[in-house]
$ cat work-v7.txt   # compact mmCIF, C-alpha atoms
# COMPACT_ATOMS: atom_id res chain seq x y z
CA MET A 1035 9.60 10.64 -0.65
CA SER A 1036 6.17 11.79 -1.68
CA SER A 1037 3.39 12.48 0.76
CA ALA A 1038 0.88 9.94 2.03
CA LYS A 1039 -1.86 11.89 0.30
CA SER A 1040 -0.09 11.90 -3.07
CA GLN A 1041 0.83 8.23 -2.77
CA THR A 1042 -2.73 7.28 -1.83
CA MET A 1043 -4.23 9.48 -4.55
CA GLY A 1044 -1.81 7.97 -7.05
CA LEU A 1045 -2.81 4.43 -6.14
CA ILE A 1046 -6.50 5.28 -6.46
CA ALA A 1047 -6.00 7.22 -9.69
CA ASP A 1048 -4.03 4.36 -11.25
CA LYS A 1049 -6.56 1.72 -10.26
CA LYS A 1050 -9.57 3.79 -11.30
CA GLY A 1051 -7.96 5.33 -14.39
CA PHE A 1052 -8.40 8.95 -13.25
CA LYS A 1053 -7.13 11.69 -15.53
CA GLU A 1054 -5.16 14.61 -14.08
CA ILE A 1055 -8.25 16.85 -14.08
CA GLU A 1056 -10.17 14.19 -12.14
CA VAL A 1057 -7.44 14.01 -9.50
CA LYS A 1058 -7.57 17.80 -9.21
CA ARG A 1059 -11.37 17.71 -8.94
CA LEU A 1060 -11.21 15.10 -6.17
CA ASP A 1061 -8.62 17.18 -4.34
CA ALA A 1062 -10.89 20.23 -4.64
CA VAL A 1063 -13.79 18.24 -3.17
CA MET A 1064 -11.57 17.20 -0.25
CA ARG A 1065 -10.81 20.88 0.46
CA ARG A 1066 -14.53 21.69 0.34
CA VAL A 1067 -15.45 18.86 2.70
CA GLY A 1068 -12.64 19.92 5.02
CA TRP A 1069 -13.98 23.48 4.93
CA VAL A 1070 -17.51 22.41 5.85
CA GLU A 1071 -16.28 20.13 8.61
CA SER A 1072 -13.55 22.23 10.25
CA LYS A 1073 -12.47 25.14 8.04
CA ASN A 1074 -9.60 22.80 7.04
CA THR A 1075 -8.13 22.76 10.54
CA PRO A 1076 -6.18 19.51 11.14
CA ASP A 1077 -6.23 19.74 14.95
CA ALA A 1078 -9.91 20.71 15.20
CA VAL A 1079 -12.06 19.27 17.96
CA GLN A 1080 -15.83 19.35 17.48
CA ASP A 1081 -17.61 22.28 19.13
CA GLY A 1082 -18.75 21.38 22.62
CA GLY A 1083 -16.17 18.59 22.85
CA GLY A 1084 -18.19 16.20 20.66
CA PRO A 1085 -16.66 13.17 19.00
CA GLY A 1086 -15.53 14.85 15.73
CA ARG A 1087 -11.78 15.31 15.30
CA GLY A 1088 -9.43 16.72 12.67
CA THR A 1089 -9.93 18.34 9.29
CA TYR A 1090 -12.70 15.94 8.28
CA GLN A 1091 -14.20 15.55 11.77
CA PHE A 1092 -13.83 11.80 11.99
CA GLU A 1093 -15.59 10.71 15.14
CA THR A 1094 -13.81 8.99 17.99
CA GLY A 1095 -15.03 5.54 18.96
CA ALA A 1096 -16.87 3.41 16.41
CA SER A 1097 -16.00 5.68 13.47
CA THR A 1098 -12.29 5.53 14.26
CA LYS A 1099 -12.60 1.74 14.51
CA SER A 1100 -14.26 1.70 11.07
CA LEU A 1101 -11.53 3.96 9.70
CA LYS A 1102 -8.86 1.55 10.96
CA GLN A 1103 -10.65 -1.33 9.25
CA ARG A 1104 -10.98 0.61 6.00
CA LEU A 1105 -7.24 1.32 6.11
CA LYS A 1106 -6.54 -2.41 6.47
CA ASN A 1107 -8.94 -3.24 3.65
CA PHE A 1108 -7.44 -0.54 1.43
CA GLU A 1109 -3.96 -1.91 1.96
CA LYS A 1110 -5.18 -5.42 1.08
CA VAL A 1111 -6.66 -4.15 -2.19
CA TYR A 1112 -4.06 -1.51 -3.11
CA GLY A 1113 -1.01 -3.04 -1.41
CA PHE A 1114 0.06 0.16 0.33
CA SER A 1115 -1.23 3.48 1.64
CA GLY A 1116 1.78 5.66 2.42
CA LEU A 1117 0.52 6.43 5.95
CA SER A 1118 3.46 7.05 8.26
CA THR A 1119 4.18 5.04 11.40
CA LYS A 1120 3.53 8.14 13.51
CA ASP A 1121 0.14 8.71 11.88
CA ARG A 1122 -0.74 5.01 12.27
CA GLU A 1123 0.04 5.27 15.99
CA ALA A 1124 -2.18 8.35 16.31
CA LEU A 1125 -4.99 6.53 14.47
CA GLU A 1126 -4.57 3.56 16.77
CA ALA A 1127 -4.92 5.94 19.75
CA GLY A 1128 -8.27 7.02 18.27
CA ASP A 1129 -7.86 10.79 17.91
CA VAL A 1130 -7.64 11.85 14.28
CA SER A 1131 -6.73 15.42 15.28
CA LYS A 1132 -3.31 14.07 16.31
CA ILE A 1133 -2.66 12.75 12.78
CA SER A 1134 -0.72 14.98 10.38
CA GLU A 1135 -2.66 17.00 7.82
CA ASP A 1136 -1.14 14.84 5.09
CA GLY A 1137 -2.18 11.68 6.92
CA GLN A 1138 -5.73 12.96 7.37
CA ASP A 1139 -5.95 13.71 3.66
CA ALA A 1140 -4.78 10.18 2.86
CA LEU A 1141 -7.26 8.72 5.34
CA VAL A 1142 -10.25 10.58 3.93
CA LEU A 1143 -9.37 9.26 0.47
CA ILE A 1144 -9.02 5.76 1.89
CA ASP A 1145 -12.30 6.11 3.78
CA TRP A 1146 -14.23 7.28 0.73
CA THR A 1147 -12.65 4.66 -1.52
CA MET A 1148 -13.52 1.78 0.78
CA LYS A 1149 -16.92 3.15 1.85
CA THR A 1150 -18.38 3.70 -1.62
CA PRO A 1151 -19.97 0.47 -2.87
CA HIS A 1152 -19.84 1.17 -6.60
CA ASP A 1153 -18.06 3.86 -8.62
CA GLU A 1154 -19.29 6.87 -6.65
CA LEU A 1155 -15.73 8.10 -6.07
CA GLY A 1156 -15.09 7.89 -9.83
CA GLU A 1157 -18.34 9.73 -10.49
CA LEU A 1158 -17.25 12.41 -8.01
CA ALA A 1159 -13.85 12.74 -9.70
CA ARG A 1160 -15.46 12.97 -13.14
CA GLY A 1161 -17.87 15.68 -11.95
CA GLU A 1162 -20.90 13.38 -12.26
CA TYR A 1163 -21.72 13.29 -8.54
CA ASP A 1164 -22.58 16.52 -6.74
CA PRO A 1165 -20.01 17.02 -3.95
CA LYS A 1166 -22.73 18.15 -1.54
CA TYR A 1167 -24.64 14.92 -1.91
CA PHE A 1168 -21.48 12.81 -1.89
CA TRP A 1169 -20.54 14.45 1.43
CA ALA A 1170 -24.05 13.93 2.81
CA THR A 1171 -24.14 10.29 1.71
CA PHE A 1172 -20.59 9.05 2.29
CA HIS A 1173 -19.00 11.36 4.82
CA TRP A 1174 -21.45 13.11 7.14
CA ALA A 1175 -22.58 10.75 9.90
CA GLY A 1176 -25.56 12.51 11.40
CA LYS A 1177 -29.20 11.62 11.81
CA LYS A 1178 -31.41 11.50 8.72
CA LYS A 1179 -33.83 14.02 10.26
CA ASP A 1180 -30.96 16.55 10.38
CA LEU A 1181 -30.05 16.17 6.70
CA PRO A 1182 -32.01 19.19 5.37
CA LYS A 1183 -30.23 21.49 7.86
CA LYS A 1184 -26.87 19.96 6.95
CA LEU A 1185 -27.46 20.44 3.22
CA ASP A 1186 -28.31 24.09 3.94
CA GLN A 1187 -25.11 24.31 5.98
CA TRP A 1188 -23.13 23.00 2.99
CA ASP A 1189 -24.61 25.74 0.79
CA ARG A 1190 -23.78 28.47 3.34
CA GLU A 1191 -20.26 27.15 3.83
CA MET A 1192 -19.64 26.96 0.08
CA ALA A 1193 -20.81 30.55 -0.32
CA ASP A 1194 -18.25 31.58 2.31
CA TYR A 1195 -15.59 29.36 0.72
CA GLU A 1196 -16.08 31.00 -2.65
CA ARG A 1197 -16.40 34.51 -1.20
CA MET A 1198 -13.01 33.98 0.45
CA GLY A 1199 -11.53 33.09 -2.93
CA TYR A 1200 -10.79 29.43 -2.31
CA GLY A 1201 -12.40 28.13 -5.48
CA VAL A 1202 -15.22 28.05 -7.90
CA ARG A 1203 -17.90 25.39 -7.70
$ encode --input "work-v7.txt" --output "structure tokens"
Amino acid sequence: MSSAKSQTMGLIADKKGFKEIEVKRLDAVMRRVGWVESKNTPDAVQDGGGPGRGTYQFETGASTKSLKQRLKNFEKVYGFSGLSTKDREALEAGDVSKISEDGQDALVLIDWTMKTPHDELGELARGEYDPKYFWATFHWAGKKKDLPKKLDQWDREMADYERMGYGVR
């Protein structure tokens, strides 16, 4: 059986007509977002005990509730998600850091797919939408006044990411 991530990515790719290179590009963006949020650490808990949890630092509370709703909506549109029973139970409990790495990857794809109102995910996959601004617009959940600092953080984190040999922008 294939992973939840690959099943979810496959559903999205089929529906949106992504080419193989676009799937790879989207996967690379996921790794970059995960790096900025947690250094790609699935069991990460936000510094200082804040609400962010997991690779992508989904917040507990209202954000987890929104994520649950997006999963339901995704499954209505796509018919399936591949998320395991165990990962669904962890999501229901509200702590994304308890969800498998594979499940978190599937959930971030689901979140982005259901959160973007137009074809922003397609634009991202085709290389037409800057990953930094996609992250700032559709993933990061901070206050608007903090955005300039967060965009600077993205740049610093990507410099480290590349210096460590994880990829080329």
$ atom_distance --input "work-v7.txt" --atom1 "atom CA of A:Gly1113" --atom2 "atom CA of A:Thr1094"
26.2 Å
$ residues_around --input "work-v7.txt" --residues "stretch 1123-1137 of chain A" --least-positions-apart "3" --cutoff "9 Å" --atoms "only C-alpha atoms" --output "ChimeraX atom specification"
/A:1037-1040,1075-1079,1086-1095,1098-1099,1101-1102,1116-1120,1140-1142
$ residues_around --input "work-v7.txt" --residues "A:Lys1049" --least-positions-apart "4" --cutoff "12 Å" --atoms "all atoms listed in the file" --output "ChimeraX atom specification"
/A:1042-1045,1053,1108,1111-1113,1147,1153,1155-1156
$ write_last_selection --input "work-v7.txt" --atoms "C-alpha atoms" --output "PDB file, in the frame of the given file"
ATOM      1  CA  THR A1042      -2.730   7.280  -1.830  1.00  0.00           C
ATOM      2  CA  MET A1043      -4.230   9.480  -4.550  1.00  0.00           C
ATOM      3  CA  GLY A1044      -1.810   7.970  -7.050  1.00  0.00           C
ATOM      4  CA  LEU A1045      -2.810   4.430  -6.140  1.00  0.00           C
ATOM      5  CA  LYS A1053      -7.130  11.690 -15.530  1.00  0.00           C
ATOM      6  CA  PHE A1108      -7.440  -0.540   1.430  1.00  0.00           C
ATOM      7  CA  VAL A1111      -6.660  -4.150  -2.190  1.00  0.00           C
ATOM      8  CA  TYR A1112      -4.060  -1.510  -3.110  1.00  0.00           C
ATOM      9  CA  GLY A1113      -1.010  -3.040  -1.410  1.00  0.00           C
ATOM     10  CA  THR A1147     -12.650   4.660  -1.520  1.00  0.00           C
ATOM     11  CA  ASP A1153     -18.060   3.860  -8.620  1.00  0.00           C
ATOM     12  CA  LEU A1155     -15.730   8.100  -6.070  1.00  0.00           C
ATOM     13  CA  GLY A1156     -15.090   7.890  -9.830  1.00  0.00           C
TER      14      GLY A1156
END
$ closest_residue --input "work-v7.txt" --among "A:Met1192, A:Leu1158, A:Leu1105, A:Ile1144" --to "A:Lys1058" --atoms "all atoms listed in the file"
A:Leu1158
$ residues_around --input "work-v7.txt" --residues "A:Leu1185" --least-positions-apart "4" --cutoff "9 Å" --atoms "all atoms listed in the file" --output "ChimeraX atom specification"
/A:1166-1167,1170,1180-1181,1189-1190
$ write_last_selection --input "work-v7.txt" --atoms "C-alpha atoms" --output "compact mmCIF listing (two decimals), keeping the file's coordinate frame"
# COMPACT_ATOMS: atom_id res chain seq x y z
CA LYS A 1166 -22.73 18.15 -1.54
CA TYR A 1167 -24.64 14.92 -1.91
CA ALA A 1170 -24.05 13.93 2.81
CA ASP A 1180 -30.96 16.55 10.38
CA LEU A 1181 -30.05 16.17 6.70
CA ASP A 1189 -24.61 25.74 0.79
CA ARG A 1190 -23.78 28.47 3.34
$ atom_distance --input "work-v7.txt" --atom1 "atom CA of A:Gln1187" --atom2 "atom CA of A:Ile1046"
29.4 Å
$ atom_distance --input "work-v7.txt" --atom1 "atom CA of A:Met1198" --atom2 "atom CA of A:Asp1061"
18.0 Å
$ decode --input "work-v7.txt" --residues "stretch 1150-1181 of chain A" --atoms "C-alpha atoms" --output "short mmCIF file (atom, residue, chain, number, x, y, z; two decimals), in the first residue's frame"
data_model
loop_
_atom_site.label_atom_id
_atom_site.label_comp_id
_atom_site.auth_asym_id
_atom_site.auth_seq_id
_atom_site.Cartn_x
_atom_site.Cartn_y
_atom_site.Cartn_z
CA THR A 1150 -6.25 28.11 -1.80
CA PRO A 1151 -9.26 29.76 -3.46
CA HIS A 1152 -8.08 29.61 -7.07
CA ASP A 1153 -5.18 27.78 -8.73
CA GLU A 1154 -2.43 28.96 -6.39
CA LEU A 1155 -1.36 25.37 -5.66
CA GLY A 1156 -1.08 24.74 -9.41
CA GLU A 1157 0.88 27.95 -9.82
CA LEU A 1158 3.20 26.82 -7.02
CA ALA A 1159 3.69 23.41 -8.65
CA ARG A 1160 4.39 25.02 -12.03
CA GLY A 1161 6.96 27.38 -10.50
CA GLU A 1162 4.78 30.45 -11.10
CA TYR A 1163 4.21 31.27 -7.42
CA ASP A 1164 7.20 32.07 -5.21
CA PRO A 1165 7.29 29.49 -2.38
CA LYS A 1166 8.14 32.19 0.16
CA TYR A 1167 5.02 34.16 -0.62
CA PHE A 1168 2.88 31.04 -0.88
CA TRP A 1169 4.05 30.07 2.61
CA ALA A 1170 3.42 33.59 3.93
CA THR A 1171 -0.05 33.74 2.36
CA PHE A 1172 -1.42 30.22 2.77
CA HIS A 1173 0.52 28.59 5.58
CA TRP A 1174 2.00 31.01 8.11
CA ALA A 1175 -0.68 32.18 10.54
CA GLY A 1176 0.93 35.13 12.26
CA LYS A 1177 0.05 38.78 12.56
CA LYS A 1178 0.38 40.99 9.49
CA LYS A 1179 2.72 43.37 11.34
CA ASP A 1180 5.16 40.46 11.79
CA LEU A 1181 5.25 39.55 8.09
#
